[in-house]
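**Student:** Take this structure, written in structure tokens, and hold onto it; I'll ask about it next.
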Amino acid sequence: MTQDTHDVVAHWQRVQTILRGYRQAQVLITAAQLGVFRELSTGPLSAPALAVRIDAEPSGVRRLLNAAVAMGLLAQDGERYANAPLAEACLAQEQGRFYLGSLVSREGAFYRRWSHLPLAVRSGKQPEATLQDEESALWVRDFELALLDLARAAAPAIAEVLPVPADRPARVLDVGGGHGGYSIALARRYPNVEATVFELPAAAEIAREIIAAEGMSERVAVYTADFQQEALGSDYDLVLLFGVLGSESSEGRQALLDKVHDALAPGGSIAIRGFADNEQPDGLDEALFSLHLLLSTAAGDSPTLDDLHQGLITAGFVQPRLIPLPDWIGSTLLVADKPQ
Ligand SMILES: C[S@@+](CC[C@H](N)C(=O)[O-])C[C@H]1O[C@@H](n2cnc3c(N)ncnc32)[C@H](O)[C@@H]1O
């Protein structure tokens, strides 16, 4: 084989690998949706026995299980299938800190959303069909529960590095705080923190339920409001903007940074999570997330770090700085201060 042919063969293989990536995602999503990991968490089962429990055809179940074994989600011993350690840690136990089951099921809905990508690219706009998803209260609930999966794992480590005053009561505002998971982790980590989740009505209701279930209603309040319409309050020591700016237009982002500046006490800090970090080696995650925002928002795109630096300075903040998080979390925080 000549070098040229060798190169073309590598390209030929690579195209197919990219092309079929969706199949593995669909095996994971389907197994989770059908309850495979949950049923196997009580012990190994044969395909026919599992088929009865999940109300499916044994022949189809066997094919699904074989694919899940090949992907390392399940293990096989003779006729019986069991959760592999990965499934046991992240897909089977709803109470676990690293459970990702709600995220997997939400990804199933996003999978359907991504089938509208040609339309979104042609029109440069969020397709009508994706807008309809969001009219359902269930959509918001499932979305917040999916994000809570990520928060449950990451929030304790994030709470460790946030700038919280230690020597006096500290007021934290979690703008677009969704499920409330970051506020809960902060209040647990710092006994002097009182947090408020600022949310739209549907998400606010879910946040209240989650905060109550965690026994944190005394320390974490929920304020129902729209940050595009209303001021954020005043005298906060720390304001979180986690995963919020990507849904806003560039004007909307600046308006929100200005409002956060107004809401902070002198010397208070803003902490931002969710931006395109120019330092990333290939930028693939950011590029894909930008397409996701095209499919999912009216005018959003992920701001770059440079955009945010500029926006923070324009709003009157000083000392913008990146705070690293543990590698496995896969993001950084951008923090800045309101002058004293
Ligand atoms: C991507 S989620 C992030 C949730 C949470 N901060 C996190 O990082 O997991 C964005 C949140 O912002 C909220 N949000 C969007 N627009 C808002 C507005 N105009 N006023 C208040 N909240 C808003 C949404 O309801 C949603 O919960």
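All residue names refer to the structure tokens as shown: chains lettered A, B, ... in order, residues numbered from 1 in each chain, ligands numbered from 1 in order.
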Extract, using only C-alpha atoms, all DNA, RNA and protein residues at most 10 Å from region 39-51 of chain A, discarding same-chain residues fewer than 5 positions from it, and format them as a list of chain:residue names.
**Tutor:**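 After dropping sequence-adjacent residues, the list is A:Leu34, A:Ala56, A:Glu57, A:Pro58, A:Ser59, A:Gly60, A:Val61, A:Arg62, A:Arg63, A:Leu64, A:Leu65, A:Asn66, A:Leu74, A:Ala75, A:Gln76, A:Asp77, A:Gly78, A:Glu79, A:Arg80, A:Tyr81, A:Ala82, A:Asn83, A:Ala84, A:Ala87, A:Glu88, A:Leu91, A:Ala92, A:Gln93.
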**Student:** Output C-alpha atoms for every residue in the selection just made, as a compact mmCIF listing (two decimals), in the first residue's frame.
**Tutor:**
```
# COMPACT_ATOMS: atom_id res chain seq x y z
CA LEU A 34 -36.05 0.89 29.55
CA ALA A 56 -39.88 -6.01 26.14
CA GLU A 57 -39.18 -8.78 23.61
CA PRO A 58 -36.37 -11.12 24.74
CA SER A 59 -34.77 -11.18 21.27
CA GLY A 60 -34.51 -7.39 21.17
CA VAL A 61 -33.34 -7.23 24.78
CA ARG A 62 -30.55 -9.73 24.08
CA ARG A 63 -29.25 -7.61 21.19
CA LEU A 64 -29.34 -4.47 23.34
CA LEU A 65 -27.55 -6.20 26.22
CA ASN A 66 -24.85 -7.59 23.92
CA LEU A 74 -22.62 -4.37 31.34
CA ALA A 75 -20.72 -7.56 32.08
CA GLN A 76 -21.78 -11.05 30.97
CA ASP A 77 -21.33 -14.30 32.82
CA GLY A 78 -22.76 -17.20 30.76
CA GLU A 79 -26.43 -16.46 30.17
CA ARG A 80 -26.63 -13.73 32.79
CA TYR A 81 -25.95 -10.01 32.50
CA ALA A 82 -24.86 -7.67 35.29
CA ASN A 83 -24.11 -3.96 35.63
CA ALA A 84 -20.41 -3.21 34.98
CA ALA A 87 -23.15 1.42 35.26
CA GLU A 88 -23.33 0.64 38.96
CA LEU A 91 -26.53 4.72 36.07
CA ALA A 92 -28.11 2.42 38.63
CA GLN A 93 -28.28 4.12 42.05
```
**Student:** Just the residues within 9 Å of Glu160 (chain A), please, counting only C-alpha atoms, with nothing from its chain fewer than 4 positions along; format it as a PDB file with N, CA and C atoms, in the first residue's frame.
**Tutor:**
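The resulting file, result_21.pdb, is shown below:
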```pdb
ATOM      1  N   ALA A 155     -20.665  20.324  42.553  1.00  0.00           N
ATOM      2  CA  ALA A 155     -20.876  21.501  43.407  1.00  0.00           C
ATOM      3  C   ALA A 155     -20.002  21.528  44.665  1.00  0.00           C
ATOM      4  N   PRO A 156     -19.786  20.393  45.357  1.00  0.00           N
ATOM      5  CA  PRO A 156     -18.933  20.486  46.549  1.00  0.00           C
ATOM      6  C   PRO A 156     -17.532  20.999  46.222  1.00  0.00           C
ATOM      7  N   LEU A 186     -23.170  25.332  48.638  1.00  0.00           N
ATOM      8  CA  LEU A 186     -22.510  26.476  49.299  1.00  0.00           C
ATOM      9  C   LEU A 186     -22.985  26.622  50.743  1.00  0.00           C
ATOM     10  N   ARG A 189     -21.451  23.982  52.855  1.00  0.00           N
ATOM     11  CA  ARG A 189     -20.008  24.147  53.085  1.00  0.00           C
ATOM     12  C   ARG A 189     -19.706  25.309  54.041  1.00  0.00           C
TER      13      ARG A 189
END
```
**Student:** Could you report the residues within 9 Å of ligand 1, using only C-alpha atoms and all ligand atoms, as number ranges by chain?
**Tutor:** A: 140, 143-144, 146-151, 174-182, 197-204, 224-230, 240-248, 273-274
**Student:** Looking at only C-alpha atoms, which of A:Leu86, A:Leu284, A:Ala212, A:Ile206 is the one that sits closest to Ala137 (chain A)?
**Tutor:**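 Checking each of A:Leu86, A:Leu284, A:Ala212, A:Ile206 against Ala137 (chain A), counting only C-alpha atoms, the winner is A:Ile206.
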**Student:** If you run DSSP on this backbone, which residues of region 120-282 of chain A come out as strand (DSSP E), and could you give them as JSON, numbers by chain?
**Tutor:** {"A": [170, 171, 172, 173, 174, 175, 193, 194, 195, 196, 197, 198, 199, 220, 221, 222, 223, 224, 236, 237, 238, 239, 240, 241, 242, 264, 265, 266, 267, 268, 269, 270, 271, 272, 273]}
**Student:** Store the residues picked out above in a file with N, CA and C atoms, as a short mmCIF file (atom, residue, chain, number, x, y, z; two decimals), in the first residue's frame.
**Tutor:**
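After the write, out07.cif holds the following:
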```cif
data_model
loop_
_atom_site.label_atom_id
_atom_site.label_comp_id
_atom_site.auth_asym_id
_atom_site.auth_seq_id
_atom_site.Cartn_x
_atom_site.Cartn_y
_atom_site.Cartn_z
N ALA A 170 -22.83 35.86 55.07
CA ALA A 170 -22.57 36.11 53.65
C ALA A 170 -23.84 35.84 52.84
N ARG A 171 -24.18 36.79 51.95
CA ARG A 171 -25.40 36.65 51.13
C ARG A 171 -25.00 36.29 49.70
N VAL A 172 -25.56 35.17 49.23
CA VAL A 172 -25.21 34.67 47.89
C VAL A 172 -26.48 34.68 47.03
N LEU A 173 -26.35 35.14 45.80
CA LEU A 173 -27.47 35.10 44.84
C LEU A 173 -27.07 34.18 43.69
N ASP A 174 -27.93 33.20 43.41
CA ASP A 174 -27.66 32.19 42.38
C ASP A 174 -28.62 32.48 41.21
N VAL A 175 -28.16 33.32 40.27
CA VAL A 175 -29.05 33.80 39.20
C VAL A 175 -29.24 32.67 38.17
N VAL A 193 -23.44 31.20 55.21
CA VAL A 193 -24.06 31.60 53.93
C VAL A 193 -25.58 31.47 53.99
N GLU A 194 -26.25 32.53 53.48
CA GLU A 194 -27.68 32.48 53.17
C GLU A 194 -27.76 32.67 51.67
N ALA A 195 -28.36 31.71 50.94
CA ALA A 195 -28.39 31.79 49.48
C ALA A 195 -29.81 32.01 48.98
N THR A 196 -29.90 32.66 47.81
CA THR A 196 -31.19 32.84 47.15
C THR A 196 -31.05 32.39 45.69
N VAL A 197 -31.94 31.50 45.27
CA VAL A 197 -31.99 31.08 43.87
C VAL A 197 -32.99 32.01 43.17
N PHE A 198 -32.54 32.66 42.10
CA PHE A 198 -33.38 33.60 41.34
C PHE A 198 -33.79 32.88 40.06
N GLU A 199 -35.09 32.57 39.92
CA GLU A 199 -35.50 31.70 38.80
C GLU A 199 -36.86 32.07 38.22
N VAL A 220 -31.66 28.30 52.12
CA VAL A 220 -31.68 28.60 50.68
C VAL A 220 -33.09 29.00 50.29
N ALA A 221 -33.25 30.26 49.91
CA ALA A 221 -34.56 30.77 49.51
C ALA A 221 -34.67 30.72 47.98
N VAL A 222 -35.91 30.83 47.49
CA VAL A 222 -36.11 30.88 46.04
C VAL A 222 -36.92 32.13 45.74
N TYR A 223 -36.43 32.95 44.83
CA TYR A 223 -37.14 34.17 44.43
C TYR A 223 -37.57 33.99 42.98
N THR A 224 -38.88 34.08 42.73
CA THR A 224 -39.40 33.86 41.38
C THR A 224 -39.42 35.18 40.62
N TYR A 236 -25.48 41.88 47.89
CA TYR A 236 -24.98 40.50 47.89
C TYR A 236 -23.45 40.49 47.98
N ASP A 237 -22.92 39.44 48.62
CA ASP A 237 -21.47 39.27 48.70
C ASP A 237 -20.93 38.47 47.52
N LEU A 238 -21.78 37.61 46.98
CA LEU A 238 -21.35 36.76 45.86
C LEU A 238 -22.56 36.49 44.98
N VAL A 239 -22.38 36.67 43.66
CA VAL A 239 -23.45 36.32 42.71
C VAL A 239 -22.91 35.25 41.77
N LEU A 240 -23.66 34.16 41.63
CA LEU A 240 -23.30 33.09 40.70
C LEU A 240 -24.06 33.29 39.40
N LEU A 241 -23.34 33.18 38.27
CA LEU A 241 -23.98 33.11 36.95
C LEU A 241 -23.47 31.82 36.33
N PHE A 242 -24.15 30.73 36.62
CA PHE A 242 -23.69 29.41 36.16
C PHE A 242 -24.59 28.93 35.02
N LEU A 264 -24.44 43.74 43.77
CA LEU A 264 -23.38 43.37 44.72
C LEU A 264 -23.07 44.50 45.69
N ALA A 265 -22.70 44.13 46.91
CA ALA A 265 -22.15 45.11 47.86
C ALA A 265 -20.74 45.45 47.40
N PRO A 266 -20.22 46.65 47.78
CA PRO A 266 -18.83 46.97 47.43
C PRO A 266 -17.91 45.86 47.95
N GLY A 267 -16.96 45.42 47.09
CA GLY A 267 -16.05 44.34 47.49
C GLY A 267 -16.60 42.95 47.20
N GLY A 268 -17.88 42.87 46.77
CA GLY A 268 -18.49 41.56 46.46
C GLY A 268 -17.95 41.00 45.14
N SER A 269 -18.25 39.74 44.88
CA SER A 269 -17.69 39.07 43.70
C SER A 269 -18.77 38.44 42.83
N ILE A 270 -18.44 38.35 41.53
CA ILE A 270 -19.27 37.59 40.58
C ILE A 270 -18.48 36.35 40.19
N ALA A 271 -19.17 35.21 40.05
CA ALA A 271 -18.51 33.98 39.59
C ALA A 271 -19.31 33.45 38.41
N ILE A 272 -18.62 33.27 37.27
CA ILE A 272 -19.29 32.85 36.02
C ILE A 272 -18.79 31.46 35.63
N ARG A 273 -19.74 30.61 35.25
CA ARG A 273 -19.38 29.29 34.75
C ARG A 273 -20.11 29.08 33.44
#
```
**Student:** When you draw a straight line from CA of Ala68 (chain A) to CA of Asp133 (chain A), how long is it in Å?
**Tutor:**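 So the two atoms, CA of Ala68 (chain A) and CA of Asp133 (chain A), lie 29.2 Å apart.
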**Student:** CA of Leu288 (chain A) and CA of Ala255 (chain A), how far apart in Å?
**Tutor:** 26.0 Å
**Student:** Suppose you want the space between CA of Gly316 (chain A) and CA of Thr332 (chain A); what is it in Å?
**Tutor:**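 Between CA of Gly316 (chain A) and CA of Thr332 (chain A) the gap works out to 21.8 Å.
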**Student:** Do you know which residues are at most 12 Å from Asp307 (chain A) counting only C-alpha atoms, after dropping those on the same chain fewer than 4 positions away, and could you put them as a list in words?
**Tutor:** Leu245, Gly246, Ser250, Glu251, Arg253, Gln254, Leu257, Phe275, Ala276, Asp277, Asn278, Asp301, Ser302, Pro303, Gly311, Leu312, Ile313, Thr314, Pro320 and Leu334 of chain A
**Student:** If we count only C-alpha atoms, what is near Glu94 (chain A) at a cut-off of 12 Å, once residues fewer than 4 positions away on the same chain are taken out, given as a ChimeraX atom specification?
**Tutor:** /A:32,35,37-38,41,87-90,98-103,145,148-149,152
